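What follows is input15.pdb (PDB, C-alpha atoms).
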```
MODEL        1
ATOM      1  CA  MET A  14     -66.237  15.870 160.414
ATOM      2  CA  ALA A  15     -63.830  18.784 160.822
ATOM      3  CA  ILE A  16     -60.242  18.635 159.625
ATOM      4  CA  ILE A  17     -57.790  19.357 162.423
ATOM      5  CA  LYS A  18     -54.931  21.664 161.434
ATOM      6  CA  PRO A  19     -52.017  21.545 163.916
ATOM      7  CA  ASN A  20     -50.908  25.047 164.958
ATOM      8  CA  ASN A  21     -53.401  26.561 162.485
ATOM      9  CA  ASN A  22     -51.223  25.541 159.515
ATOM     10  CA  THR A  23     -52.704  24.507 156.220
ATOM     11  CA  LEU A  24     -52.419  20.783 155.554
ATOM     12  CA  SER A  25     -50.016  21.384 152.663
ATOM     13  CA  SER A  26     -47.586  23.324 154.906
ATOM     14  CA  ILE A  27     -47.116  20.468 157.386
ATOM     15  CA  THR A  28     -43.833  18.792 156.454
ATOM     16  CA  ALA A  29     -42.746  16.981 159.622
ATOM     17  CA  LEU A  30     -44.242  14.686 162.225
ATOM     18  CA  PRO A  31     -44.949  16.183 165.640
ATOM     19  CA  THR A  32     -42.198  15.576 168.196
ATOM     20  CA  GLY A  33     -42.507  12.433 170.255
ATOM     21  CA  VAL A  34     -44.159  10.465 167.474
ATOM     22  CA  GLY A  35     -42.228   7.267 166.767
ATOM     23  CA  GLY A  36     -42.820   4.136 164.771
ATOM     24  CA  LYS A  37     -44.091   5.834 161.617
ATOM     25  CA  VAL A  38     -42.896   4.661 158.221
ATOM     26  CA  LEU A  39     -41.155   7.637 156.614
ATOM     27  CA  GLN A  40     -39.932   6.116 153.354
ATOM     28  CA  VAL A  41     -39.907   2.775 151.569
ATOM     29  CA  VAL A  42     -37.487   1.612 148.873
ATOM     30  CA  SER A  43     -37.514  -1.780 147.201
ATOM     31  CA  ALA A  44     -35.995  -3.753 144.357
ATOM     32  CA  THR A  45     -37.257  -6.824 142.526
ATOM     33  CA  LYS A  46     -35.172  -9.371 140.640
ATOM     34  CA  THR A  47     -36.983 -11.387 137.978
ATOM     35  CA  ASP A  48     -34.004 -12.727 136.026
ATOM     36  CA  THR A  49     -31.859 -15.708 137.027
ATOM     37  CA  GLN A  50     -28.262 -15.842 138.205
ATOM     38  CA  THR A  51     -25.774 -18.732 138.518
ATOM     39  CA  TYR A  52     -22.997 -19.191 141.104
ATOM     40  CA  SER A  53     -20.176 -21.708 141.348
ATOM     41  CA  HIS A  54     -19.487 -23.312 144.718
ATOM     42  CA  SER A  55     -17.303 -21.074 146.858
ATOM     43  CA  THR A  56     -16.627 -19.911 150.407
ATOM     44  CA  VAL A  57     -16.927 -16.308 149.201
ATOM     45  CA  ARG A  58     -20.188 -14.390 149.431
ATOM     46  CA  ALA A  59     -21.288 -12.932 146.100
ATOM     47  CA  ASP A  60     -23.720 -10.111 145.378
ATOM     48  CA  ILE A  61     -27.110 -10.994 143.999
ATOM     49  CA  THR A  62     -27.271  -8.603 141.062
ATOM     50  CA  GLY A  63     -30.190  -6.188 141.337
ATOM     51  CA  LEU A  64     -31.049  -6.932 144.976
ATOM     52  CA  ASN A  65     -29.847  -3.689 146.533
ATOM     53  CA  VAL A  66     -31.537  -0.509 147.728
ATOM     54  CA  THR A  67     -30.276   2.905 148.851
ATOM     55  CA  LEU A  68     -31.903   5.426 151.168
ATOM     56  CA  THR A  69     -30.907   8.395 153.296
ATOM     57  CA  PRO A  70     -32.458   8.519 156.793
ATOM     58  CA  SER A  71     -33.943  11.857 157.845
ATOM     59  CA  SER A  72     -32.694  11.450 161.442
ATOM     60  CA  SER A  73     -29.852   9.508 163.046
ATOM     61  CA  SER A  74     -32.293   8.201 165.682
ATOM     62  CA  ASN A  75     -34.449   6.472 163.057
ATOM     63  CA  LYS A  76     -34.247   2.751 162.374
ATOM     64  CA  ILE A  77     -34.336   0.876 159.076
ATOM     65  CA  LEU A  78     -36.420  -2.290 158.722
ATOM     66  CA  VAL A  79     -34.785  -4.392 155.998
ATOM     67  CA  SER A  80     -36.466  -7.498 154.646
ATOM     68  CA  PHE A  81     -35.778  -9.831 151.777
ATOM     69  CA  ARG A  82     -37.188 -12.852 150.014
ATOM     70  CA  VAL A  83     -34.770 -14.748 147.786
ATOM     71  CA  ASN A  84     -35.753 -17.805 145.752
ATOM     72  CA  HIS A  85     -32.712 -19.994 145.224
ATOM     73  CA  TRP A  86     -31.403 -23.492 144.648
ATOM     74  CA  GLY A  87     -28.077 -24.865 145.793
ATOM     75  CA  ASN A  88     -26.421 -27.391 148.046
ATOM     76  CA  ASP A  89     -25.259 -25.861 151.338
ATOM     77  CA  SER A  90     -26.214 -22.306 150.284
ATOM     78  CA  HIS A  91     -27.317 -19.263 152.278
ATOM     79  CA  CYS A  92     -28.012 -15.496 152.055
ATOM     80  CA  GLN A  93     -27.122 -12.428 154.167
ATOM     81  CA  ILE A  94     -27.993  -8.721 154.366
ATOM     82  CA  GLU A  95     -25.000  -6.385 154.084
ATOM     83  CA  ARG A  96     -24.853  -2.616 154.674
ATOM     84  CA  SER A  97     -22.635   0.191 153.382
ATOM     85  CA  ILE A  98     -22.807   3.705 154.815
ATOM     86  CA  ASN A  99     -21.897   6.607 152.543
ATOM     87  CA  GLY A 100     -20.174   4.373 149.983
ATOM     88  CA  GLY A 101     -17.883   2.698 152.516
ATOM     89  CA  SER A 102     -17.109  -0.977 152.883
ATOM     90  CA  TYR A 103     -19.930  -3.460 153.397
ATOM     91  CA  SER A 104     -20.548  -5.350 156.620
ATOM     92  CA  ILE A 105     -23.025  -8.128 157.385
ATOM     93  CA  ILE A 106     -25.975  -7.046 159.540
ATOM     94  CA  SER A 107     -27.762 -10.387 159.504
ATOM     95  CA  PRO A 108     -28.386 -12.421 161.433
ATOM     96  CA  PRO A 109     -29.035 -10.151 164.394
ATOM     97  CA  THR A 110     -26.370  -9.615 167.064
ATOM     98  CA  GLY A 111     -26.023 -12.524 169.441
ATOM     99  CA  MET A 112     -26.420 -15.327 166.907
ATOM    100  CA  THR A 113     -23.445 -17.568 166.311
ATOM    101  CA  GLY A 114     -22.294 -19.829 163.508
ATOM    102  CA  ASN A 115     -21.660 -18.902 159.916
ATOM    103  CA  GLN A 116     -24.547 -16.435 159.790
ATOM    104  CA  THR A 117     -26.837 -18.690 157.815
ATOM    105  CA  VAL A 118     -30.254 -17.306 156.994
ATOM    106  CA  THR A 119     -31.455 -20.295 155.052
ATOM    107  CA  HIS A 120     -29.846 -23.549 154.127
ATOM    108  CA  SER A 121     -30.446 -25.764 151.117
ATOM    109  CA  GLY A 122     -30.208 -29.492 151.584
ATOM    110  CA  GLY A 123     -27.512 -31.823 150.302
ATOM    111  CA  SER A 124     -27.582 -34.286 147.435
ATOM    112  CA  HIS A 125     -31.185 -35.321 148.173
ATOM    113  CA  ARG A 126     -32.395 -31.851 147.121
ATOM    114  CA  ASN A 127     -35.099 -31.959 144.453
ATOM    115  CA  ILE A 128     -33.668 -30.514 141.238
ATOM    116  CA  TYR A 129     -37.050 -28.983 140.325
ATOM    117  CA  GLU A 130     -37.856 -27.113 143.578
ATOM    118  CA  LEU A 131     -36.712 -23.741 144.901
ATOM    119  CA  ASN A 132     -35.817 -22.815 148.460
ATOM    120  CA  THR A 133     -36.987 -19.453 149.745
ATOM    121  CA  ALA A 134     -34.783 -17.425 152.081
ATOM    122  CA  THR A 135     -36.629 -14.733 154.057
ATOM    123  CA  MET A 136     -35.494 -12.416 156.814
ATOM    124  CA  GLU A 137     -36.285  -9.100 158.505
ATOM    125  CA  VAL A 138     -33.702  -7.108 160.448
ATOM    126  CA  LEU A 139     -34.338  -3.846 162.321
ATOM    127  CA  ASP A 140     -31.105  -1.917 161.762
ATOM    128  CA  SER A 141     -29.960   1.082 163.837
ATOM    129  CA  PRO A 142     -27.360   2.736 161.583
ATOM    130  CA  SER A 143     -27.268   6.007 163.619
ATOM    131  CA  THR A 144     -26.573   8.190 160.587
ATOM    132  CA  THR A 145     -28.156  10.584 158.125
ATOM    133  CA  SER A 146     -25.707   9.543 155.404
ATOM    134  CA  SER A 147     -26.715   7.475 152.398
ATOM    135  CA  ILE A 148     -27.075   3.756 153.215
ATOM    136  CA  THR A 149     -27.043   0.890 150.719
ATOM    137  CA  TYR A 150     -28.324  -2.551 151.657
ATOM    138  CA  LYS A 151     -27.594  -5.567 149.482
ATOM    139  CA  ILE A 152     -28.211  -9.298 149.586
ATOM    140  CA  THR A 153     -25.307 -11.707 149.153
ATOM    141  CA  PHE A 154     -25.407 -15.414 148.365
ATOM    142  CA  ASN A 155     -22.971 -18.170 149.228
ATOM    143  CA  ASN A 156     -23.201 -21.526 147.460
ATOM    144  CA  GLY A 157     -21.170 -23.414 150.047
ATOM    145  CA  PRO A 158     -17.843 -25.145 149.518
ATOM    146  CA  ASN A 159     -19.205 -28.625 150.243
ATOM    147  CA  THR A 160     -20.760 -29.093 146.845
ATOM    148  CA  GLY A 161     -19.571 -29.528 143.317
ATOM    149  CA  SER A 162     -22.768 -28.180 141.809
ATOM    150  CA  ALA A 163     -23.768 -24.653 140.919
ATOM    151  CA  GLY A 164     -26.218 -22.510 142.903
ATOM    152  CA  TYR A 165     -28.982 -20.481 141.313
ATOM    153  CA  ILE A 166     -31.092 -17.440 142.082
ATOM    154  CA  ASN A 167     -34.718 -17.465 140.853
ATOM    155  CA  ARG A 168     -34.475 -20.893 139.239
ATOM    156  CA  ALA A 169     -34.246 -24.552 140.135
ATOM    157  CA  SER A 170     -31.294 -26.705 139.130
ATOM    158  CA  ASP A 171     -33.031 -28.310 136.154
ATOM    159  CA  TYR A 172     -34.890 -25.201 135.050
ATOM    160  CA  SER A 173     -35.459 -24.463 131.389
ATOM    161  CA  THR A 174     -38.077 -22.341 129.694
ATOM    162  CA  THR A 175     -39.607 -25.462 128.146
ATOM    163  CA  ASP A 176     -39.669 -27.616 131.311
ATOM    164  CA  THR A 177     -43.014 -27.314 133.091
ATOM    165  CA  ASN A 178     -41.755 -29.204 136.198
ATOM    166  CA  ALA A 179     -38.981 -26.805 137.199
ATOM    167  CA  GLU A 180     -39.729 -23.716 139.260
ATOM    168  CA  GLN A 181     -38.719 -20.127 138.598
ATOM    169  CA  GLY A 182     -39.089 -17.373 141.194
ATOM    170  CA  ILE A 183     -38.986 -13.642 141.861
ATOM    171  CA  SER A 184     -36.787 -12.195 144.628
ATOM    172  CA  THR A 185     -37.167  -8.878 146.483
ATOM    173  CA  ILE A 186     -35.508  -6.586 149.029
ATOM    174  CA  THR A 187     -37.325  -3.780 150.875
ATOM    175  CA  ALA A 188     -36.009  -1.155 153.313
ATOM    176  CA  MET A 189     -38.308   1.086 155.377
ATOM    177  CA  GLU A 190     -37.199   4.070 157.440
ATOM    178  CA  ILE A 191     -39.019   4.018 160.795
ATOM    179  CA  SER A 192     -39.155   7.191 162.883
ATOM    180  CA  GLY A 193     -37.394   6.922 166.238
TER     181      GLY A 193
ENDMDL
END
```
Would you give me this structure, written as structure tokens?
Amino acid sequence: MAIIKPNNNTLSSITALPTGVGGKVLQVVSATKTDTQTYSHSTVRADITGLNVTLTPSSSSNKILVSFRVNHWGNDSHCQIERSINGGSYSIISPPTGMTGNQTVTHSGGSHRNIYELNTATMEVLDSPSTTSSITYKITFNNGPNTGSAGYINRASDYSTTDTNAEQGISTITAMEISG
């Protein structure tokens, strides 16, 4: 089988996709959180330490596919994706435009919630930031105001290193630049 060399270039000299080619993954960045984190109940969203990624799109017409998986425990808790362009202020980009409510991605149950089991929040959002500036995506957590108990990332309420019943998890965020 012959190797096709576009425009008679060597394979090592080809640095860009041909024009008109869209939908290719150009770069992938990800972060993994293996430690645990505790939150008090609050109406304020708080960063999940370590669940953030930064990338710089190669074209303003490219899109960014952002996905996350967060293992958590808490009464009335939820997660969101937030975006900052070029070090500016953060804004929520999830859920997608058109949804209403308090932008809940996942919701933990009330007082009946099993103290040994984790919830898993997952979401994918195709973002169109229209920039070639540096973009940071982060995940925030809100352990709702309707509870007196703490919320946790990567651990159940009654988790301890010696308790074999309680679950511990790993959480991730991934961002992929997709050619436009």
Exercise. Looking at all atoms listed in the file, which of A:Ile106, A:Val66, A:Ala134, A:Val57 is the one that sits closest to Ala188 in chain A?
Worked result: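 Closest residue, counting all atoms listed in the file: A:Val66.
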Exercise. In Å, how far is it from CA of Ile183 in chain A to CA of Leu78 in chain A?
Worked result: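 Pair CA of Ile183 in chain A / CA of Leu78 in chain A returns 20.5 Å.
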Problem set entry | Straight-line distance linking CA of Met189 in chain A with CA of Asp60 in chain A, stated in Å to one decimal |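 According to the coordinates, CA of Met189 in chain A and CA of Asp60 in chain A are separated by 20.9 Å.
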Exercise. Between CA of Thr49 in chain A and CA of Gln93 in chain A, what is the spacing in Å?
Worked result: 18.1 Å
For this session: Compile the contact shell of Ser141 in chain A as a list in words: residues with an atom at most 9 Å away, counting only C-alpha atoms, same-chain residues fewer than 4 positions apart removed.
Result: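 Neighbouring residues, sequence-local ones excluded: Ser73, Ser74, Asn75, Lys76, Ile77 and Leu78 of chain A.
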Exercise. So which one's closest to Gln40 in chain A, A:Arg96, A:Phe154, A:Thr69, A:Ser147? Using only C-alpha atoms, please.
Worked result: A:Thr69
Problem set entry | Exercise: Asp48 in chain A partners within 10 Å, all atoms listed in the file, chain neighbours under 6 positions left out, as an MDAnalysis selection string | chainID A and resid 62:63 166:168 181:184
Exercise. Taking all atoms listed in the file into account, which of A:Thr67, A:Thr149, A:Ser170, A:Thr144 comes nearest His85 in chain A?
Worked result: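 Nearest to His85 in chain A: A:Ser170.
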For this session: Place a sphere of radius 9 Å on (-44.7, 4.5, 165.9) in the file coordinates and name every protein, DNA or RNA residue with an atom inside or on its surface, counting only C-alpha atoms; give the answer as a count of residues only.
Result: 8
For this session: Identify, on the basis of only C-alpha atoms, every residue whose closest approach to Arg82 in chain A does not exceed 10 Å; exclude the query and any residue fewer than 4 positions from it along the same chain; express the result as an MDAnalysis selection string.
Result: chainID A and resid 45 64 92 133:137 152 183:187
Let me know the centre plus edge lengths, in Å and rounded to one decimal, of a box with edges along x, y and z that contains all listed atoms of range 73-91 of chain A and is padded by 6 Å on every side, as AutoDock Vina command-line options.
```
--center_x -31.2 --center_y -8.9 --center_z 155.2 --size_x 23.9 --size_y 48.9 --size_z 33.0
```
Problem set entry | Residue nearest Tyr103 in chain A - candidates A:Trp86, A:Tyr52, A:Phe81, A:Tyr150, atoms counted: all atoms listed in the file |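 Residue with the minimum atom-to-atom distance to Tyr103 in chain A: A:Tyr150.
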Problem set entry | Among listed residues A:Val41, A:Ala169, A:Ala163, A:Ala59, nearest Asn127 in chain A (using only C-alpha atoms) |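 Residue with the minimum atom-to-atom distance to Asn127 in chain A: A:Ala169.
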Problem set entry | Reference answer for the PyMOL selection byres ((chain A and resi 99) around 8), as a ChimeraX atom specification | /A:97-98,100-101,146-149
For this session: Would you please work out which residue, of A:Ser162, A:Ile128, A:Glu180, A:Ile105, is nearest to His54 in chain A when using all atoms listed in the file?
Result: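 Selected residue with least distance to His54 in chain A: A:Ser162.
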